[in-house]
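Below is the file structure_12.cif, which contains mmCIF, C-alpha atoms.
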```cif
data_work
loop_
_atom_site.group_PDB
_atom_site.id
_atom_site.type_symbol
_atom_site.label_atom_id
_atom_site.label_comp_id
_atom_site.auth_asym_id
_atom_site.auth_seq_id
_atom_site.Cartn_x
_atom_site.Cartn_y
_atom_site.Cartn_z
ATOM 1 C CA MET X 21 0.000 0.000 0.000
ATOM 2 C CA THR X 22 1.278 3.475 -0.891
ATOM 3 C CA ASN X 23 2.322 5.684 1.998
ATOM 4 C CA PRO X 24 0.249 8.886 1.516
ATOM 5 C CA THR X 25 2.869 10.954 3.313
ATOM 6 C CA HIS X 26 5.799 9.482 1.405
ATOM 7 C CA PRO X 27 4.303 8.170 -1.858
ATOM 8 C CA LEU X 28 7.703 7.435 -3.417
ATOM 9 C CA THR X 29 9.017 5.233 -0.619
ATOM 10 C CA GLY X 30 11.131 2.450 -2.120
ATOM 11 C CA LYS X 31 11.571 4.273 -5.434
ATOM 12 C CA VAL X 32 14.831 5.414 -7.020
ATOM 13 C CA ALA X 33 15.041 8.656 -8.996
ATOM 14 C CA LEU X 34 17.709 10.167 -11.219
ATOM 15 C CA VAL X 35 17.523 13.918 -11.833
ATOM 16 C CA THR X 36 19.914 15.227 -14.462
ATOM 17 C CA GLY X 37 21.259 18.697 -13.824
ATOM 18 C CA GLY X 38 20.123 18.458 -10.225
ATOM 19 C CA SER X 39 22.652 20.690 -8.501
ATOM 20 C CA ARG X 40 20.795 23.997 -8.677
ATOM 21 C CA SER X 41 17.575 25.873 -9.411
ATOM 22 C CA ILE X 42 14.710 23.719 -10.724
ATOM 23 C CA GLY X 43 16.782 20.521 -10.722
ATOM 24 C CA ALA X 44 17.782 20.914 -7.092
ATOM 25 C CA ALA X 45 14.200 21.652 -6.081
ATOM 26 C CA ILE X 46 13.006 18.539 -7.908
ATOM 27 C CA ALA X 47 15.636 16.350 -6.259
ATOM 28 C CA LYS X 48 14.725 17.609 -2.789
ATOM 29 C CA LYS X 49 10.989 17.208 -3.372
ATOM 30 C CA LEU X 50 11.322 13.639 -4.636
ATOM 31 C CA ALA X 51 13.471 12.839 -1.606
ATOM 32 C CA VAL X 52 10.897 14.361 0.752
ATOM 33 C CA ASP X 53 8.324 12.101 -0.906
ATOM 34 C CA GLY X 54 10.476 9.079 -0.060
ATOM 35 C CA ALA X 55 12.646 8.372 -3.098
ATOM 36 C CA ALA X 56 16.378 7.712 -3.047
ATOM 37 C CA VAL X 57 17.715 10.369 -5.393
ATOM 38 C CA ALA X 58 20.782 10.575 -7.612
ATOM 39 C CA ILE X 59 21.615 13.868 -9.292
ATOM 40 C CA THR X 60 24.064 14.701 -12.028
ATOM 41 C CA TYR X 61 26.076 17.881 -12.229
ATOM 42 C CA SER X 62 28.719 19.321 -14.498
ATOM 43 C CA ALA X 63 30.082 22.630 -13.258
ATOM 44 C CA SER X 64 28.678 22.988 -9.746
ATOM 45 C CA PRO X 65 30.271 20.365 -7.463
ATOM 46 C CA ASP X 66 29.802 22.441 -4.311
ATOM 47 C CA LYS X 67 26.119 23.012 -5.041
ATOM 48 C CA ALA X 68 25.637 19.327 -5.846
ATOM 49 C CA ALA X 69 27.248 18.370 -2.541
ATOM 50 C CA GLN X 70 24.932 20.781 -0.748
ATOM 51 C CA VAL X 71 21.846 19.216 -2.344
ATOM 52 C CA VAL X 72 23.024 15.791 -1.161
ATOM 53 C CA ALA X 73 23.755 17.151 2.318
ATOM 54 C CA ASP X 74 20.319 18.757 2.549
ATOM 55 C CA ILE X 75 18.583 15.529 1.528
ATOM 56 C CA GLU X 76 20.610 13.422 3.940
ATOM 57 C CA ALA X 77 20.074 15.901 6.771
ATOM 58 C CA ALA X 78 16.334 15.417 6.286
ATOM 59 C CA GLY X 79 16.754 11.637 6.540
ATOM 60 C CA GLY X 80 16.848 10.826 2.827
ATOM 61 C CA LYS X 81 19.288 9.046 0.555
ATOM 62 C CA ALA X 82 21.146 10.921 -2.173
ATOM 63 C CA LEU X 83 24.090 10.650 -4.503
ATOM 64 C CA ALA X 84 25.807 13.276 -6.671
ATOM 65 C CA ILE X 85 27.387 12.118 -9.936
ATOM 66 C CA ALA X 86 29.716 14.247 -12.050
ATOM 67 C CA ALA X 87 28.390 13.874 -15.595
ATOM 68 C CA ASP X 88 28.301 16.277 -18.528
ATOM 69 C CA ALA X 89 24.785 15.929 -19.956
ATOM 70 C CA GLY X 90 26.229 16.519 -23.404
ATOM 71 C CA SER X 91 28.429 13.425 -23.198
ATOM 72 C CA PRO X 92 26.647 10.160 -24.055
ATOM 73 C CA GLU X 93 29.313 8.157 -22.248
ATOM 74 C CA ALA X 94 28.952 10.239 -19.088
ATOM 75 C CA VAL X 95 25.164 9.991 -19.171
ATOM 76 C CA ARG X 96 25.275 6.207 -19.592
ATOM 77 C CA ALA X 97 27.727 5.978 -16.698
ATOM 78 C CA ALA X 98 25.452 8.106 -14.506
ATOM 79 C CA VAL X 99 22.541 5.737 -15.049
ATOM 80 C CA ALA X 100 24.794 2.760 -14.280
ATOM 81 C CA LYS X 101 26.068 4.407 -11.076
ATOM 82 C CA THR X 102 22.511 5.148 -9.964
ATOM 83 C CA VAL X 103 21.481 1.523 -10.474
ATOM 84 C CA SER X 104 24.614 0.266 -8.739
ATOM 85 C CA ALA X 105 24.152 2.553 -5.724
ATOM 86 C CA PHE X 106 20.415 2.142 -5.195
ATOM 87 C CA GLY X 107 19.535 -1.140 -6.877
ATOM 88 C CA GLY X 108 17.502 0.151 -9.788
ATOM 89 C CA ILE X 109 15.816 3.185 -11.293
ATOM 90 C CA ASP X 110 12.127 4.003 -11.247
ATOM 91 C CA ILE X 111 12.002 7.715 -12.062
ATOM 92 C CA LEU X 112 14.049 9.667 -14.584
ATOM 93 C CA VAL X 113 13.778 13.443 -14.681
ATOM 94 C CA ASN X 114 15.483 14.868 -17.759
ATOM 95 C CA ASN X 115 16.133 18.316 -16.370
ATOM 96 C CA ALA X 116 19.663 19.186 -17.545
ATOM 97 C CA GLY X 117 19.662 21.923 -20.141
ATOM 98 C CA VAL X 118 21.620 24.848 -21.502
ATOM 99 C CA ALA X 119 20.478 28.026 -23.201
ATOM 100 C CA VAL X 120 22.357 30.375 -25.498
ATOM 101 C CA ASN X 121 20.417 33.264 -27.008
ATOM 102 C CA ALA X 122 21.429 35.141 -30.142
ATOM 103 C CA PRO X 123 19.916 36.291 -33.445
ATOM 104 C CA ILE X 124 19.768 33.350 -35.821
ATOM 105 C CA GLU X 125 22.100 34.994 -38.329
ATOM 106 C CA ASP X 126 24.753 35.420 -35.637
ATOM 107 C CA PHE X 127 24.283 32.109 -33.841
ATOM 108 C CA LYS X 128 27.564 30.239 -33.448
ATOM 109 C CA PHE X 129 27.463 26.716 -34.788
ATOM 110 C CA GLU X 130 29.416 25.401 -31.816
ATOM 111 C CA ASP X 131 26.730 26.816 -29.500
ATOM 112 C CA TYR X 132 24.079 25.091 -31.603
ATOM 113 C CA GLU X 133 25.953 21.787 -31.373
ATOM 114 C CA ARG X 134 26.326 22.137 -27.607
ATOM 115 C CA MET X 135 22.636 22.825 -27.111
ATOM 116 C CA ILE X 136 21.660 19.845 -29.263
ATOM 117 C CA ALA X 137 24.117 17.646 -27.341
ATOM 118 C CA VAL X 138 22.743 18.575 -23.922
ATOM 119 C CA ASN X 139 19.077 19.378 -24.575
ATOM 120 C CA VAL X 140 18.317 16.646 -27.107
ATOM 121 C CA THR X 141 20.980 13.944 -27.301
ATOM 122 C CA GLY X 142 21.439 13.875 -23.528
ATOM 123 C CA VAL X 143 17.696 13.358 -23.073
ATOM 124 C CA PHE X 144 17.630 10.533 -25.607
ATOM 125 C CA VAL X 145 20.611 8.729 -24.075
ATOM 126 C CA ALA X 146 19.403 9.079 -20.479
ATOM 127 C CA THR X 147 15.962 7.822 -21.457
ATOM 128 C CA GLN X 148 17.287 4.894 -23.489
ATOM 129 C CA GLU X 149 19.559 3.777 -20.681
ATOM 130 C CA ALA X 150 17.044 4.274 -17.880
ATOM 131 C CA VAL X 151 14.190 2.336 -19.484
ATOM 132 C CA ARG X 152 16.445 -0.703 -19.735
ATOM 133 C CA HIS X 153 16.276 -0.864 -15.940
ATOM 134 C CA MET X 154 12.671 0.216 -15.392
ATOM 135 C CA THR X 155 9.798 -2.040 -14.444
ATOM 136 C CA PRO X 156 6.053 -1.355 -14.704
ATOM 137 C CA GLY X 157 5.264 1.805 -12.800
ATOM 138 C CA GLY X 158 8.345 3.581 -14.116
ATOM 139 C CA ARG X 159 8.220 7.308 -14.789
ATOM 140 C CA ILE X 160 10.028 9.462 -17.330
ATOM 141 C CA ILE X 161 9.549 13.194 -16.916
ATOM 142 C CA HIS X 162 11.092 15.736 -19.258
ATOM 143 C CA ILE X 163 11.557 19.412 -18.466
ATOM 144 C CA GLY X 164 10.577 21.409 -21.533
ATOM 145 C CA SER X 165 9.712 25.078 -21.859
ATOM 146 C CA SER X 166 6.635 27.221 -22.350
ATOM 147 C CA MET X 167 8.627 28.828 -25.193
ATOM 148 C CA THR X 168 7.383 25.961 -27.351
ATOM 149 C CA ARG X 169 3.879 27.464 -27.005
ATOM 150 C CA TYR X 170 4.654 31.160 -27.010
ATOM 151 C CA ALA X 171 7.888 32.842 -28.094
ATOM 152 C CA ALA X 172 7.906 35.599 -25.513
ATOM 153 C CA PHE X 173 11.072 37.335 -26.746
ATOM 154 C CA PRO X 174 13.505 37.168 -29.689
ATOM 155 C CA THR X 175 16.912 35.395 -29.932
ATOM 156 C CA ALA X 176 15.672 32.113 -28.393
ATOM 157 C CA SER X 177 14.871 30.233 -31.606
ATOM 158 C CA VAL X 178 17.561 27.563 -31.205
ATOM 159 C CA TYR X 179 16.666 26.941 -27.568
ATOM 160 C CA THR X 180 13.038 26.583 -28.599
ATOM 161 C CA LEU X 181 14.071 24.181 -31.365
ATOM 162 C CA THR X 182 15.665 21.880 -28.810
ATOM 163 C CA LYS X 183 12.684 21.988 -26.460
ATOM 164 C CA GLY X 184 10.307 21.406 -29.366
ATOM 165 C CA ALA X 185 12.217 18.228 -30.138
ATOM 166 C CA ILE X 186 11.505 17.007 -26.613
ATOM 167 C CA THR X 187 7.798 17.682 -27.088
ATOM 168 C CA GLY X 188 7.729 15.416 -30.138
ATOM 169 C CA PHE X 189 9.854 12.777 -28.434
ATOM 170 C CA ASN X 190 7.472 12.773 -25.471
ATOM 171 C CA ARG X 191 4.388 12.311 -27.626
ATOM 172 C CA SER X 192 5.712 9.336 -29.559
ATOM 173 C CA LEU X 193 7.598 7.655 -26.733
ATOM 174 C CA VAL X 194 4.344 6.852 -24.943
ATOM 175 C CA ARG X 195 3.575 4.304 -27.684
ATOM 176 C CA ASP X 196 6.864 2.523 -27.053
ATOM 177 C CA LEU X 197 6.649 2.519 -23.285
ATOM 178 C CA GLY X 198 2.940 2.381 -22.526
ATOM 179 C CA PRO X 199 2.799 -1.404 -23.002
ATOM 180 C CA LYS X 200 5.656 -1.680 -20.486
ATOM 181 C CA GLY X 201 3.692 0.234 -17.860
ATOM 182 C CA ILE X 202 6.018 3.248 -18.019
ATOM 183 C CA THR X 203 4.568 6.740 -18.297
ATOM 184 C CA VAL X 204 6.192 9.636 -20.151
ATOM 185 C CA ASN X 205 5.294 13.281 -19.580
ATOM 186 C CA THR X 206 6.768 16.743 -20.081
ATOM 187 C CA VAL X 207 6.522 19.716 -17.750
ATOM 188 C CA HIS X 208 6.884 23.072 -19.502
ATOM 189 C CA PRO X 209 7.925 25.736 -16.983
ATOM 190 C CA GLY X 210 7.252 29.344 -17.758
ATOM 191 C CA PRO X 211 9.377 32.169 -16.357
ATOM 192 C CA THR X 212 10.856 30.748 -13.168
ATOM 193 C CA ASP X 213 13.282 32.396 -10.766
ATOM 194 C CA THR X 214 16.491 30.503 -11.573
ATOM 195 C CA ASP X 215 20.179 31.208 -12.010
ATOM 196 C CA MET X 216 19.696 31.476 -15.783
ATOM 197 C CA ASN X 217 16.539 33.583 -15.634
ATOM 198 C CA PRO X 218 16.264 35.486 -12.346
ATOM 199 C CA ALA X 219 13.061 37.258 -11.442
ATOM 200 C CA ASP X 220 14.923 40.573 -11.504
ATOM 201 C CA GLY X 221 16.806 39.872 -14.748
ATOM 202 C CA PRO X 222 16.470 41.377 -18.236
ATOM 203 C CA VAL X 223 13.972 38.779 -19.481
ATOM 204 C CA ALA X 224 11.655 39.567 -16.578
ATOM 205 C CA ALA X 225 11.183 43.103 -17.845
ATOM 206 C CA ILE X 226 9.886 41.666 -21.126
ATOM 207 C CA VAL X 227 7.694 38.786 -19.972
ATOM 208 C CA GLY X 228 6.623 40.125 -16.585
ATOM 209 C CA PRO X 229 3.619 42.076 -17.865
ATOM 210 C CA GLY X 230 2.293 38.904 -19.494
ATOM 211 C CA MET X 231 2.271 36.830 -16.316
ATOM 212 C CA ALA X 232 -1.389 36.289 -15.419
ATOM 213 C CA ILE X 233 -0.589 35.806 -11.733
ATOM 214 C CA GLY X 234 1.782 38.752 -11.731
ATOM 215 C CA ARG X 235 5.018 37.064 -10.708
ATOM 216 C CA TYR X 236 7.714 34.584 -11.660
ATOM 217 C CA GLY X 237 7.392 30.982 -10.599
ATOM 218 C CA GLN X 238 9.562 29.396 -7.932
ATOM 219 C CA PRO X 239 11.578 26.209 -8.530
ATOM 220 C CA ALA X 240 9.657 24.442 -5.763
ATOM 221 C CA GLU X 241 6.419 25.051 -7.666
ATOM 222 C CA ILE X 242 7.777 23.287 -10.742
ATOM 223 C CA ALA X 243 9.086 20.503 -8.503
ATOM 224 C CA SER X 244 5.604 19.905 -7.124
ATOM 225 C CA VAL X 245 4.255 19.277 -10.621
ATOM 226 C CA VAL X 246 7.083 16.830 -11.303
ATOM 227 C CA ALA X 247 6.457 15.067 -8.004
ATOM 228 C CA PHE X 248 2.812 14.531 -8.903
ATOM 229 C CA LEU X 249 3.774 12.967 -12.234
ATOM 230 C CA ALA X 250 6.241 10.718 -10.419
ATOM 231 C CA SER X 251 3.632 9.574 -7.934
ATOM 232 C CA PRO X 252 1.210 6.639 -8.054
ATOM 233 C CA ASP X 253 -1.632 9.159 -8.384
ATOM 234 C CA ALA X 254 -0.437 9.953 -11.927
ATOM 235 C CA ALA X 255 -0.532 6.362 -13.181
ATOM 236 C CA PHE X 256 -3.103 7.242 -15.876
ATOM 237 C CA VAL X 257 -1.286 10.379 -17.066
ATOM 238 C CA THR X 258 1.046 9.808 -19.999
ATOM 239 C CA GLY X 259 1.917 11.718 -23.135
ATOM 240 C CA ALA X 260 0.932 14.958 -21.443
ATOM 241 C CA ASP X 261 2.466 18.386 -21.918
ATOM 242 C CA ILE X 262 1.796 20.148 -18.632
ATOM 243 C CA VAL X 263 2.396 23.880 -18.724
ATOM 244 C CA ALA X 264 3.310 25.541 -15.427
ATOM 245 C CA ASP X 265 3.802 29.141 -16.468
ATOM 246 C CA GLY X 266 1.663 31.397 -14.317
ATOM 247 C CA GLY X 267 -0.738 31.899 -17.202
ATOM 248 C CA LEU X 268 1.850 33.401 -19.578
ATOM 249 C CA THR X 269 0.608 31.313 -22.505
ATOM 250 C CA ALA X 270 -3.082 31.296 -21.530
#
```
Write out the structure in this file as structure tokens.
Amino acid sequence: MTNPTHPLTGKVALVTGGSRSIGAAIAKKLAVDGAAVAITYSASPDKAAQVVADIEAAGGKALAIAADAGSPEAVRAAVAKTVSAFGGIDILVNNAGVAVNAPIEDFKFEDYERMIAVNVTGVFVATQEAVRHMTPGGRIIHIGSSMTRYAAFPTASVYTLTKGAITGFNRSLVRDLGPKGITVNTVHPGPTDTDMNPADGPVAAIVGPGMAIGRYGQPAEIASVVAFLASPDAAFVTGADIVADGGLTA
């Protein structure tokens, strides 16, 4: 029987890019709900260690794994380390992402390649590896972007391209994994107060007036949506694109 207070007790989660902002909030929320949580990080070892310390201080289990989300080998190794440490994997949150904004005519090809490597290839590899270990009841949750529904400002076309690819991947993947009892969903955050897009940053001045609830989102609010999709209560939800954007695209 599911523990209503800790619905993810006995589950193992891997959150890519889990050392800060939305990823860190997701990792902590899944741990609060009872899951053992592994996170990957690339450039923030101190922040990753702090996420692990916070989870363990609250009585949870956590592991930080150095892994560049743009490296297929590193992503495969991260899945293997998660399985080795915790005995399996039940929940994959494809959160790692990078964003470079520039006019399309000035966009550097190396920046394009990096964004494809992290935002698209990294998601494919993590998903492919994780499902090999998942049993019925498994959960795959992608972090997309409300930019796929409404381009709120210029210079983000390549970022939106990568997140649009995840939307299509999500929709078709349900047909592969539904018969295995594994659900696949995407959460599309709107403007959220993160390191890359702070609530007092330049983007806020552009999109702020369009926020129906009059403020930026908080990482914990996105994490709560992810936690629902990871829970037994979401067993009949798959193939969904859930927008959490404060009404920006309403």
Non-local contacts of Pro174 (chain X) (9 Å; only C-alpha atoms; under 3 positions in same chain excluded) as a list in words:
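These residues fall inside the cut-off: Asn121, Ala122, Pro123, Ala171 and Ser177 of chain X.
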Written file, previous selection with C-alpha atoms, as a compact mmCIF listing (two decimals), in the frame of the given file:
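Result went into selection_31.txt, see below:
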```
# COMPACT_ATOMS: atom_id res chain seq x y z
CA ASN X 121 20.42 33.26 -27.01
CA ALA X 122 21.43 35.14 -30.14
CA PRO X 123 19.92 36.29 -33.44
CA ALA X 171 7.89 32.84 -28.09
CA SER X 177 14.87 30.23 -31.61
```
Atomic distance CA of Ser251 (chain X) - CA of Ile75 (chain X), expressed in Å with one decimal
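Interatomic distance here is 18.7 Å.
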Could you produce a table of the residues of region 130-153 of chain X lying within 12 Å of region 49-71 of chain X, with the nearest pair of atoms per residue and their separation in Å rounded to one decimal, using all atoms listed in the file, ordered by chain and increasing residue number, as JSON lines?
```
{"residue": "X:Val138", "atom": "CA", "partner": "X:Ser62", "partner_atom": "CA", "distance": 11.2}
{"residue": "X:Gly142", "atom": "CA", "partner": "X:Thr60", "partner_atom": "CA", "distance": 11.8}
{"residue": "X:Ala146", "atom": "CA", "partner": "X:Thr60", "partner_atom": "CA", "distance": 11.2}
```
Take CA of Gly234 (chain X) and CA of Gly210 (chain X) and report the distance between them in Å, one decimal.
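It comes out at 12.4 Å.
The shortest atom-to-atom distance to Gly188 (chain X), with only C-alpha atoms taken into account, belongs to X:Gly259 out of X:Gly221, X:Gly259, X:Gly157, X:Gly201.
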Tell me which protein, DNA and RNA residues are within 12 Å of Ala224 (chain X), counting only C-alpha atoms, leaving out same-chain ones fewer than 5 positions away, and put them as a PyMOL selection string.
chain X and resi 172-173+210-214+216-219+229-231+234-237+268
Shell around Met167 (chain X) at 12 Å using all atoms listed in the file, local window under 5 positions removed, as a ChimeraX atom specification
/X:172-184,187,207-211,227,263-265,268-269
Test item: the PyMOL selection byres ((chain X and resi 112) around 12) resolved as an mmCIF file with C-alpha atoms, in the frame of the given file:
```cif
data_model
loop_
_atom_site.group_PDB
_atom_site.id
_atom_site.type_symbol
_atom_site.label_atom_id
_atom_site.label_comp_id
_atom_site.auth_asym_id
_atom_site.auth_seq_id
_atom_site.Cartn_x
_atom_site.Cartn_y
_atom_site.Cartn_z
ATOM 1 C CA LYS X 31 11.571 4.273 -5.434
ATOM 2 C CA VAL X 32 14.831 5.414 -7.020
ATOM 3 C CA ALA X 33 15.041 8.656 -8.996
ATOM 4 C CA LEU X 34 17.709 10.167 -11.219
ATOM 5 C CA VAL X 35 17.523 13.918 -11.833
ATOM 6 C CA THR X 36 19.914 15.227 -14.462
ATOM 7 C CA GLY X 37 21.259 18.697 -13.824
ATOM 8 C CA GLY X 38 20.123 18.458 -10.225
ATOM 9 C CA GLY X 43 16.782 20.521 -10.722
ATOM 10 C CA ILE X 46 13.006 18.539 -7.908
ATOM 11 C CA ALA X 47 15.636 16.350 -6.259
ATOM 12 C CA LEU X 50 11.322 13.639 -4.636
ATOM 13 C CA ALA X 55 12.646 8.372 -3.098
ATOM 14 C CA ALA X 56 16.378 7.712 -3.047
ATOM 15 C CA VAL X 57 17.715 10.369 -5.393
ATOM 16 C CA ALA X 58 20.782 10.575 -7.612
ATOM 17 C CA ILE X 59 21.615 13.868 -9.292
ATOM 18 C CA THR X 60 24.064 14.701 -12.028
ATOM 19 C CA ALA X 98 25.452 8.106 -14.506
ATOM 20 C CA VAL X 99 22.541 5.737 -15.049
ATOM 21 C CA THR X 102 22.511 5.148 -9.964
ATOM 22 C CA VAL X 103 21.481 1.523 -10.474
ATOM 23 C CA GLY X 108 17.502 0.151 -9.788
ATOM 24 C CA ILE X 109 15.816 3.185 -11.293
ATOM 25 C CA ASP X 110 12.127 4.003 -11.247
ATOM 26 C CA ILE X 111 12.002 7.715 -12.062
ATOM 27 C CA VAL X 113 13.778 13.443 -14.681
ATOM 28 C CA ASN X 114 15.483 14.868 -17.759
ATOM 29 C CA ASN X 115 16.133 18.316 -16.370
ATOM 30 C CA ALA X 116 19.663 19.186 -17.545
ATOM 31 C CA VAL X 143 17.696 13.358 -23.073
ATOM 32 C CA PHE X 144 17.630 10.533 -25.607
ATOM 33 C CA VAL X 145 20.611 8.729 -24.075
ATOM 34 C CA ALA X 146 19.403 9.079 -20.479
ATOM 35 C CA THR X 147 15.962 7.822 -21.457
ATOM 36 C CA GLN X 148 17.287 4.894 -23.489
ATOM 37 C CA GLU X 149 19.559 3.777 -20.681
ATOM 38 C CA ALA X 150 17.044 4.274 -17.880
ATOM 39 C CA VAL X 151 14.190 2.336 -19.484
ATOM 40 C CA ARG X 152 16.445 -0.703 -19.735
ATOM 41 C CA HIS X 153 16.276 -0.864 -15.940
ATOM 42 C CA MET X 154 12.671 0.216 -15.392
ATOM 43 C CA GLY X 157 5.264 1.805 -12.800
ATOM 44 C CA GLY X 158 8.345 3.581 -14.116
ATOM 45 C CA ARG X 159 8.220 7.308 -14.789
ATOM 46 C CA ILE X 160 10.028 9.462 -17.330
ATOM 47 C CA ILE X 161 9.549 13.194 -16.916
ATOM 48 C CA HIS X 162 11.092 15.736 -19.258
ATOM 49 C CA ILE X 163 11.557 19.412 -18.466
ATOM 50 C CA ILE X 202 6.018 3.248 -18.019
ATOM 51 C CA THR X 203 4.568 6.740 -18.297
ATOM 52 C CA VAL X 204 6.192 9.636 -20.151
ATOM 53 C CA ASN X 205 5.294 13.281 -19.580
ATOM 54 C CA THR X 206 6.768 16.743 -20.081
ATOM 55 C CA VAL X 246 7.083 16.830 -11.303
ATOM 56 C CA ALA X 247 6.457 15.067 -8.004
ATOM 57 C CA LEU X 249 3.774 12.967 -12.234
ATOM 58 C CA ALA X 250 6.241 10.718 -10.419
#
```
